[in-house]
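Below: one structure, written as structure tokens.
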Amino acid sequence: MHAFIFLVQLLSVLCLVPGQSKADTELWIRPQDETGRTIRLTRAEVYLDIWGHGQNVALAQTERGVRLPLDRDWPCTAWPDICGKQILWGARLILQADGFAPVTSRTFLPIGAENAAGRPAGTSADTVSIEFDGIAPVQLREGESREVVVAFRRPAPRTLRIVDERGAGLPGVDVVDKLLFARSNHCGAMEGEVLASGKTDAAGEVRIPDVNGECAFEMENLRHYALRESPFAEVPLLAVREPRSQVTTIVLRALKKEMLRLEFRIAGIPAAGMRLISCLSHCCGACCGTVEGETAPDGRVVVKDFYAEEYHLILQEGEDKTIWQGNPPAPDASGWSRIEISRK
């Protein structure tokens with residue numbers, strides 16, 4: 001009897017000893033074609049995002065499929081440089097096979113990770129939720145192993161069409177199509193890899209490759225436009241879309257142009273001989289530089305074409321001393337916007 005009690009106590013102590021093996025948290029991905037046949041991937045990676053830049057980590061592939069480790073210490077093991085130094089903001093799976101459209105998952109937070117937006121609804125620090133287009137989210141708890149079938153399709157013709165609010169195509173727009181990895185940095189720049197680049201034709205169209213996942217379309221060489229409903233204030237000509245149909249349409253709106261009549265005074269005295277400079281409002285880096293004019297002896301200056309959503313103004317005294325910045329108040333009955341500056 002005493003021996004039995006001792007054995008039970010010993011087993012209880014062993015169960016509490018740290019370092020004992022625990023069940024792996026892992027997702028097995030089985031790639032299949034349209035017929036249900038298992039296919040071999042030529043690329044199986046997970047992008048680890050650490051706010052502004054990240055790294056692609058290759059995943060092991062066996063006859064069973066692709067194994068995605070999801071233990072909370074795995075990112076540190078996979079990318080030792082981030083251990084104890086960076087916050088892991090998210091991760092995304094990138095899968096490719098010859099002759100098929102690439103497949104990416106939506107961004108997910110590994111177990112134990114946090115970002116500024118918090119964790120997805122319905123999940124906690126000991127769970128992870130992974131979602132592919134057309135597949136219900138796969139949720140795993142720490143120590144759980146699950147399997148998901150990911151279907152690959154043959155690439156189909158895809159077109160991107162850029163139009164204005166009337167539906168008319170916008171020709172001559174330079175478009176860069178990127179496979180989206182992340183967009184967490186403070187400048188709003190896109191992290192991903194370029195799939196294609198081109199210029200819209202007379203109908204506002206450009207051919208793009210087929211992708212089963214999110215792509216980022218950056219529109220360049222186009223001034224005074226923004227997405228009709230832009231979620232990215234820092235980059236008003238950046239659209240994230242999943243090109244599911246033959247034609248993906250992006251609607252842009254023309255920014256409102258106005259003439260400004262400004263009158264500046266410093267402590268009641270006309271601010272004469274000052275430089276008025278425009279600066280891009282949503283910008284990282286060198287954002288200012290266009291000289292809109294110089295104030296006259298009465299402190300007045302006229303800006304013929306101004307886009308308040310796109311720019312703000314600064315008034316400089318001398319070479320580089322800023323004494324006022326912002327957007328002017330509404331004009332009075334005479335049509336002039338009057339700005340009073342206190343002398344510091």
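Identifiers in the structure tokens: chain A, B, ... in order shown; residue index from 1 per chain; ligand index from 1 in order shown.
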Could you tell me, as a tab-separated table (two decimals) with N, CA and C atoms, in the first residue's frame, which residues of region 36-88 of chain A DSSP assigns to strand (DSSP E) when given the backbone?
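Now in part03.tsv:
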chain	number	residue	atom	x	y	z
A	43	ARG	N	6.80	26.16	-53.83
A	43	ARG	CA	7.10	27.18	-52.84
A	43	ARG	C	6.11	27.06	-51.69
A	44	ALA	N	6.63	26.97	-50.49
A	44	ALA	CA	5.81	26.92	-49.29
A	44	ALA	C	6.54	27.73	-48.22
A	45	GLU	N	6.02	28.93	-47.95
A	45	GLU	CA	6.69	29.85	-47.02
A	45	GLU	C	5.66	30.53	-46.13
A	46	VAL	N	6.16	31.06	-45.03
A	46	VAL	CA	5.36	31.93	-44.19
A	46	VAL	C	6.14	33.23	-44.02
A	47	TYR	N	5.44	34.35	-44.25
A	47	TYR	CA	6.06	35.66	-44.09
A	47	TYR	C	5.83	36.13	-42.66
A	48	LEU	N	6.91	36.40	-41.93
A	48	LEU	CA	6.82	36.90	-40.57
A	48	LEU	C	7.02	38.41	-40.59
A	49	ASP	N	6.05	39.15	-40.10
A	49	ASP	CA	6.03	40.61	-40.20
A	49	ASP	C	6.41	41.23	-38.85
A	54	GLY	N	10.04	42.27	-42.90
A	54	GLY	CA	9.90	40.92	-42.39
A	54	GLY	C	10.78	39.96	-43.14
A	55	GLN	N	10.46	38.69	-43.00
A	55	GLN	CA	11.28	37.67	-43.65
A	55	GLN	C	10.41	36.48	-44.01
A	56	ASN	N	10.71	35.89	-45.17
A	56	ASN	CA	10.04	34.67	-45.60
A	56	ASN	C	10.80	33.46	-45.06
A	57	VAL	N	10.07	32.57	-44.42
A	57	VAL	CA	10.67	31.37	-43.84
A	57	VAL	C	10.10	30.15	-44.57
A	58	ALA	N	10.98	29.31	-45.08
A	58	ALA	CA	10.55	28.11	-45.80
A	58	ALA	C	9.95	27.09	-44.84
A	60	ALA	N	8.60	23.00	-44.18
A	60	ALA	CA	8.89	21.62	-44.58
A	60	ALA	C	7.70	21.02	-45.32
A	61	GLN	N	8.00	20.20	-46.35
A	61	GLN	CA	6.96	19.55	-47.16
A	61	GLN	C	7.24	18.06	-47.20
A	66	VAL	N	2.27	20.16	-46.32
A	66	VAL	CA	3.15	21.19	-45.76
A	66	VAL	C	2.84	21.36	-44.29
A	67	ARG	N	3.89	21.35	-43.48
A	67	ARG	CA	3.71	21.51	-42.04
A	67	ARG	C	4.01	22.94	-41.63
A	68	LEU	N	3.03	23.60	-40.99
A	68	LEU	CA	3.20	24.93	-40.45
A	68	LEU	C	3.26	24.83	-38.93
A	69	PRO	N	4.46	24.98	-38.33
A	69	PRO	CA	4.54	24.96	-36.86
A	69	PRO	C	3.91	26.22	-36.29
Surrounding residues of Gly167 (chain A) excluding itself and chain neighbours under 2 positions, 12 Å, only C-alpha atoms, as a PyMOL selection string
chain A and resi 161-165+169-170+203-204+228+249-253
With C-alpha atoms retained, could you export that selection as a short mmCIF file (atom, residue, chain, number, x, y, z; two decimals), in the first residue's frame?
data_model
loop_
_atom_site.label_atom_id
_atom_site.label_comp_id
_atom_site.auth_asym_id
_atom_site.auth_seq_id
_atom_site.Cartn_x
_atom_site.Cartn_y
_atom_site.Cartn_z
CA ARG A 161 -9.69 48.30 -64.78
CA ILE A 162 -9.21 51.77 -63.29
CA VAL A 163 -12.14 54.16 -63.73
CA ASP A 164 -13.35 57.52 -62.45
CA GLU A 165 -16.62 58.03 -60.60
CA GLY A 169 -11.56 54.39 -67.89
CA LEU A 170 -8.42 56.29 -66.87
CA ALA A 203 -10.09 51.84 -71.69
CA GLY A 204 -8.24 52.11 -68.38
CA ARG A 228 -13.26 56.58 -53.85
CA THR A 249 -12.41 47.39 -61.04
CA ILE A 250 -10.90 50.17 -58.94
CA VAL A 251 -12.86 53.43 -58.75
CA LEU A 252 -10.95 56.67 -58.23
CA ARG A 253 -12.32 60.09 -57.46
#
Hey, can you check how far CA of Ser337 (chain A) sits from CA of Leu260 (chain A)?
7.6 Å
So which one's closest to Asn212 (chain A), A:Pro102, A:Gly134, A:Pro329, A:Gly36? Using only C-alpha atoms, please.
A:Pro102
Please identify the helix (DSSP H, G or I) residues within region 55-286 of chain A (assignment by DSSP from backbone atoms) and present them as a list in words.
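After running DSSP on the backbone, region 55-286 of chain A has helix (DSSP H, G or I) at Trp74, Pro75, Cys76, Thr77, Ala78, Pro80, Asp81 and Ile82 of chain A.
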Near-region 150-159 of chain A list (10 Å; only C-alpha atoms; drop same-chain fewer than 4 positions) as a PyMOL selection string:
chain A and resi 29-39+95-103+132-135+205-212+243-249
Write the residues of the selection above to a file with C-alpha atoms, as a CSV table (one decimal), in the first residue's frame.
chain,number,residue,atom,x,y,z
A,29,ILE,CA,-1.8,21.8,-45.4
A,30,ARG,CA,-2.8,19.4,-48.1
A,31,PRO,CA,-2.6,21.1,-51.6
A,32,GLN,CA,-5.0,19.7,-54.2
A,33,ASP,CA,-5.9,20.5,-57.8
A,34,GLU,CA,-9.4,20.8,-59.1
A,35,THR,CA,-9.8,17.0,-59.3
A,36,GLY,CA,-8.8,16.4,-55.7
A,37,ARG,CA,-5.3,15.1,-56.6
A,38,THR,CA,-2.6,16.0,-54.2
A,39,ILE,CA,0.0,18.2,-55.9
A,95,LEU,CA,2.0,28.7,-51.5
A,96,GLN,CA,2.8,28.1,-55.2
A,97,ALA,CA,2.8,25.1,-57.6
A,98,ASP,CA,3.8,25.0,-61.2
A,99,GLY,CA,0.9,25.5,-63.5
A,100,PHE,CA,-1.4,26.9,-60.8
A,101,ALA,CA,-2.4,30.3,-59.5
A,102,PRO,CA,-0.5,31.2,-56.3
A,103,VAL,CA,-2.4,30.9,-53.0
A,132,PHE,CA,-7.8,31.1,-47.0
A,133,ASP,CA,-10.2,32.5,-49.5
A,134,GLY,CA,-13.2,30.2,-49.9
A,135,ILE,CA,-12.3,28.1,-46.8
A,205,GLU,CA,-7.3,48.4,-68.4
A,206,VAL,CA,-4.1,46.4,-67.8
A,207,ARG,CA,-3.5,42.7,-67.7
A,208,ILE,CA,-2.6,41.2,-64.3
A,209,PRO,CA,-1.7,37.6,-63.2
A,210,ASP,CA,-4.2,35.4,-61.5
A,211,VAL,CA,-3.8,35.0,-57.7
A,212,ASN,CA,-5.9,33.3,-55.1
A,243,PRO,CA,-8.8,39.3,-58.1
A,244,ARG,CA,-11.5,36.6,-58.1
A,245,SER,CA,-13.3,37.6,-61.3
A,246,GLN,CA,-12.2,38.2,-64.8
A,247,VAL,CA,-12.2,42.0,-64.3
A,248,THR,CA,-11.3,43.8,-61.1
A,249,THR,CA,-12.4,47.4,-61.0
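One finds CA of Ala91 (chain A) at 21.7 Å from CA of Glu218 (chain A).
Nearest to Gly273 (chain A) of all the residues A:Leu70, A:Ala333, A:Leu109, A:Leu315 is A:Leu315, based on only C-alpha atoms.
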Identify which of the residues A:Arg241, A:Lys304, A:Arg92, A:Arg141 lies closest to Met259 (chain A), counting only C-alpha atoms when measuring atom-to-atom distances.
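Ranked by minimum distance to Met259 (chain A), first place goes to A:Lys304.
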Calculate how many Å separate CA of Ile323 (chain A) from CA of Arg275 (chain A), rounding to one decimal.
10.4 Å
8 Å contact set for region 171-177 of chain A, only C-alpha atoms, chain neighbours under 2 positions out, as a PyMOL selection string:
chain A and resi 169+179+194-205+208+215-222
Export of prior selection with N, CA and C atoms as a short mmCIF file (atom, residue, chain, number, x, y, z; two decimals), in the first residue's frame:
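Generated output (part.cif):
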data_model
loop_
_atom_site.label_atom_id
_atom_site.label_comp_id
_atom_site.auth_asym_id
_atom_site.auth_seq_id
_atom_site.Cartn_x
_atom_site.Cartn_y
_atom_site.Cartn_z
N GLY A 169 -12.89 54.90 -68.12
CA GLY A 169 -11.56 54.39 -67.89
C GLY A 169 -10.52 55.50 -67.85
N LEU A 179 2.14 40.89 -54.82
CA LEU A 179 1.59 39.86 -53.94
C LEU A 179 1.73 40.39 -52.52
N VAL A 194 6.76 42.00 -56.33
CA VAL A 194 6.14 42.46 -57.57
C VAL A 194 5.78 41.26 -58.45
N LEU A 195 4.51 41.22 -58.87
CA LEU A 195 4.04 40.20 -59.80
C LEU A 195 4.07 40.71 -61.23
N ALA A 196 3.70 41.99 -61.40
CA ALA A 196 3.65 42.56 -62.74
C ALA A 196 3.58 44.08 -62.62
N SER A 197 3.91 44.75 -63.71
CA SER A 197 3.75 46.20 -63.79
C SER A 197 3.35 46.54 -65.21
N GLY A 198 2.59 47.61 -65.37
CA GLY A 198 2.13 47.99 -66.69
C GLY A 198 1.43 49.32 -66.66
N LYS A 199 0.90 49.73 -67.80
CA LYS A 199 0.22 51.01 -67.95
C LYS A 199 -1.17 50.75 -68.52
N THR A 200 -2.17 51.42 -67.96
CA THR A 200 -3.53 51.22 -68.44
C THR A 200 -3.68 51.73 -69.87
N ASP A 201 -4.50 51.04 -70.66
CA ASP A 201 -4.72 51.42 -72.05
C ASP A 201 -5.83 52.47 -72.14
N ALA A 202 -6.33 52.71 -73.34
CA ALA A 202 -7.34 53.74 -73.55
C ALA A 202 -8.62 53.47 -72.76
N ALA A 203 -8.89 52.20 -72.46
CA ALA A 203 -10.09 51.84 -71.69
C ALA A 203 -9.82 51.80 -70.19
N GLY A 204 -8.60 52.15 -69.79
CA GLY A 204 -8.24 52.11 -68.38
C GLY A 204 -7.92 50.71 -67.89
N GLU A 205 -7.56 49.81 -68.80
CA GLU A 205 -7.33 48.41 -68.44
C GLU A 205 -5.87 48.01 -68.58
N ILE A 208 -3.28 41.54 -65.55
CA ILE A 208 -2.61 41.17 -64.31
C ILE A 208 -2.63 39.65 -64.17
N CYS A 215 -3.87 40.94 -53.28
CA CYS A 215 -2.84 41.66 -54.03
C CYS A 215 -2.94 43.15 -53.71
N ALA A 216 -1.82 43.83 -53.82
CA ALA A 216 -1.78 45.28 -53.62
C ALA A 216 -1.51 45.93 -54.96
N PHE A 217 -2.36 46.88 -55.33
CA PHE A 217 -2.19 47.61 -56.59
C PHE A 217 -1.82 49.05 -56.27
N GLU A 218 -0.62 49.43 -56.66
CA GLU A 218 -0.13 50.78 -56.45
C GLU A 218 -0.22 51.54 -57.77
N MET A 219 -0.95 52.65 -57.76
CA MET A 219 -1.14 53.45 -58.97
C MET A 219 -0.23 54.66 -58.93
N GLU A 220 0.55 54.82 -59.97
CA GLU A 220 1.54 55.88 -60.03
C GLU A 220 1.28 56.77 -61.26
N ASN A 221 2.01 57.88 -61.32
CA ASN A 221 1.89 58.79 -62.46
C ASN A 221 0.46 59.31 -62.60
N LEU A 222 -0.19 59.55 -61.48
CA LEU A 222 -1.57 60.03 -61.50
C LEU A 222 -1.75 61.01 -60.35
#
Considering only C-alpha atoms, can you say which of A:Ala189, A:Ala168, A:Ala254, A:Val149 comes closest to Cys284 (chain A)?
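Closest candidate: A:Ala189.
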When you look at Cys76 (chain A) with a cut-off of 12 Å (counting only C-alpha atoms), what residues show up, excluding the ones that are within fewer than 2 positions of it in the same chain? I need them as a short mmCIF file (atom, residue, chain, number, x, y, z; two decimals) with C-alpha atoms, in the first residue's frame.
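File selection.cif, as written:
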data_model
loop_
_atom_site.label_atom_id
_atom_site.label_comp_id
_atom_site.auth_asym_id
_atom_site.auth_seq_id
_atom_site.Cartn_x
_atom_site.Cartn_y
_atom_site.Cartn_z
CA LEU A 48 6.82 36.90 -40.57
CA ILE A 50 7.85 42.74 -37.62
CA VAL A 57 10.67 31.37 -43.84
CA PRO A 69 4.54 24.96 -36.86
CA LEU A 70 2.47 27.21 -34.62
CA ASP A 71 4.06 26.85 -31.19
CA ARG A 72 4.63 30.22 -29.53
CA ASP A 73 8.42 29.80 -29.63
CA TRP A 74 8.56 28.75 -33.29
CA ALA A 78 12.72 30.10 -37.40
CA TRP A 79 14.19 33.62 -37.35
CA PRO A 80 16.65 33.97 -34.45
CA ASP A 81 17.31 37.66 -35.21
CA ILE A 82 13.89 38.63 -33.83
CA CYS A 83 14.25 36.81 -30.52
CA GLY A 84 13.59 39.28 -27.74
CA LYS A 85 13.99 42.29 -30.04
CA GLN A 86 10.87 42.74 -32.14
CA ILE A 87 7.12 42.36 -31.81
CA LEU A 88 5.71 39.91 -34.33
CA PRO A 110 0.57 33.30 -34.21
CA GLY A 112 1.34 34.45 -28.12
CA ALA A 113 1.72 37.33 -30.61
#
Quick one: residues within 9 Å of Trp324 (chain A), only C-alpha atoms counted, chain neighbours fewer than 6 positions away excluded, as number ranges by chain?
A: 313-316, 341
Using only C-alpha atoms, the best pick from A:Ala296, A:Ala271, A:Val303, A:Ile277 as closest to Ser342 (chain A) would be A:Ala271
Set the distance at 10 Å and use only C-alpha atoms: which residues neighbour Ala308 (chain A) once local chain neighbours fewer than 4 positions away are removed? I'd like the list as a list in words.
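Within the cut-off, the hits are Leu255, Lys256, Lys257, Glu258, Leu280, Ser281, His312, Leu313, Gly326, Asn327 and Pro328 of chain A.
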Just to be explicit: take each residue in the selection above, keep N, CA and C atoms, and write the result as an mmCIF file, in the first residue's frame.
data_model
loop_
_atom_site.group_PDB
_atom_site.id
_atom_site.type_symbol
_atom_site.label_atom_id
_atom_site.label_comp_id
_atom_site.auth_asym_id
_atom_site.auth_seq_id
_atom_site.Cartn_x
_atom_site.Cartn_y
_atom_site.Cartn_z
ATOM 1 N N LEU A 255 -9.803 64.738 -56.866
ATOM 2 C CA LEU A 255 -9.771 65.613 -55.704
ATOM 3 C C LEU A 255 -10.257 67.013 -56.082
ATOM 4 N N LYS A 256 -10.900 67.666 -55.141
ATOM 5 C CA LYS A 256 -11.463 68.981 -55.385
ATOM 6 C C LYS A 256 -10.360 70.035 -55.468
ATOM 7 N N LYS A 257 -10.446 70.860 -56.507
ATOM 8 C CA LYS A 257 -9.482 71.945 -56.706
ATOM 9 C C LYS A 257 -10.137 73.271 -56.349
ATOM 10 N N GLU A 258 -9.368 74.148 -55.722
ATOM 11 C CA GLU A 258 -9.892 75.458 -55.368
ATOM 12 C C GLU A 258 -8.808 76.522 -55.496
ATOM 13 N N LEU A 280 2.985 67.765 -49.225
ATOM 14 C CA LEU A 280 2.073 66.630 -49.279
ATOM 15 C C LEU A 280 1.640 66.266 -47.864
ATOM 16 N N SER A 281 0.343 66.131 -47.645
ATOM 17 C CA SER A 281 -0.158 65.859 -46.303
ATOM 18 C C SER A 281 0.083 64.427 -45.874
ATOM 19 N N HIS A 312 -0.948 70.528 -47.563
ATOM 20 C CA HIS A 312 -1.128 71.618 -46.616
ATOM 21 C C HIS A 312 -0.051 72.658 -46.901
ATOM 22 N N LEU A 313 -0.149 73.803 -46.266
ATOM 23 C CA LEU A 313 0.727 74.925 -46.578
ATOM 24 C C LEU A 313 1.611 75.274 -45.381
ATOM 25 N N GLY A 326 -0.528 74.673 -42.038
ATOM 26 C CA GLY A 326 -1.867 74.117 -41.951
ATOM 27 C C GLY A 326 -2.664 74.431 -43.190
ATOM 28 N N ASN A 327 -3.982 74.315 -43.104
ATOM 29 C CA ASN A 327 -4.875 74.724 -44.173
ATOM 30 C C ASN A 327 -5.616 75.979 -43.727
ATOM 31 N N PRO A 328 -5.854 76.911 -44.626
ATOM 32 C CA PRO A 328 -6.426 78.198 -44.234
ATOM 33 C C PRO A 328 -7.888 78.087 -43.818
#
Among the residues A:Glu131, A:Glu142, A:Glu310, A:Asp126, the one that comes closest to Ala23 (chain A) [using only C-alpha atoms]:
A:Glu142
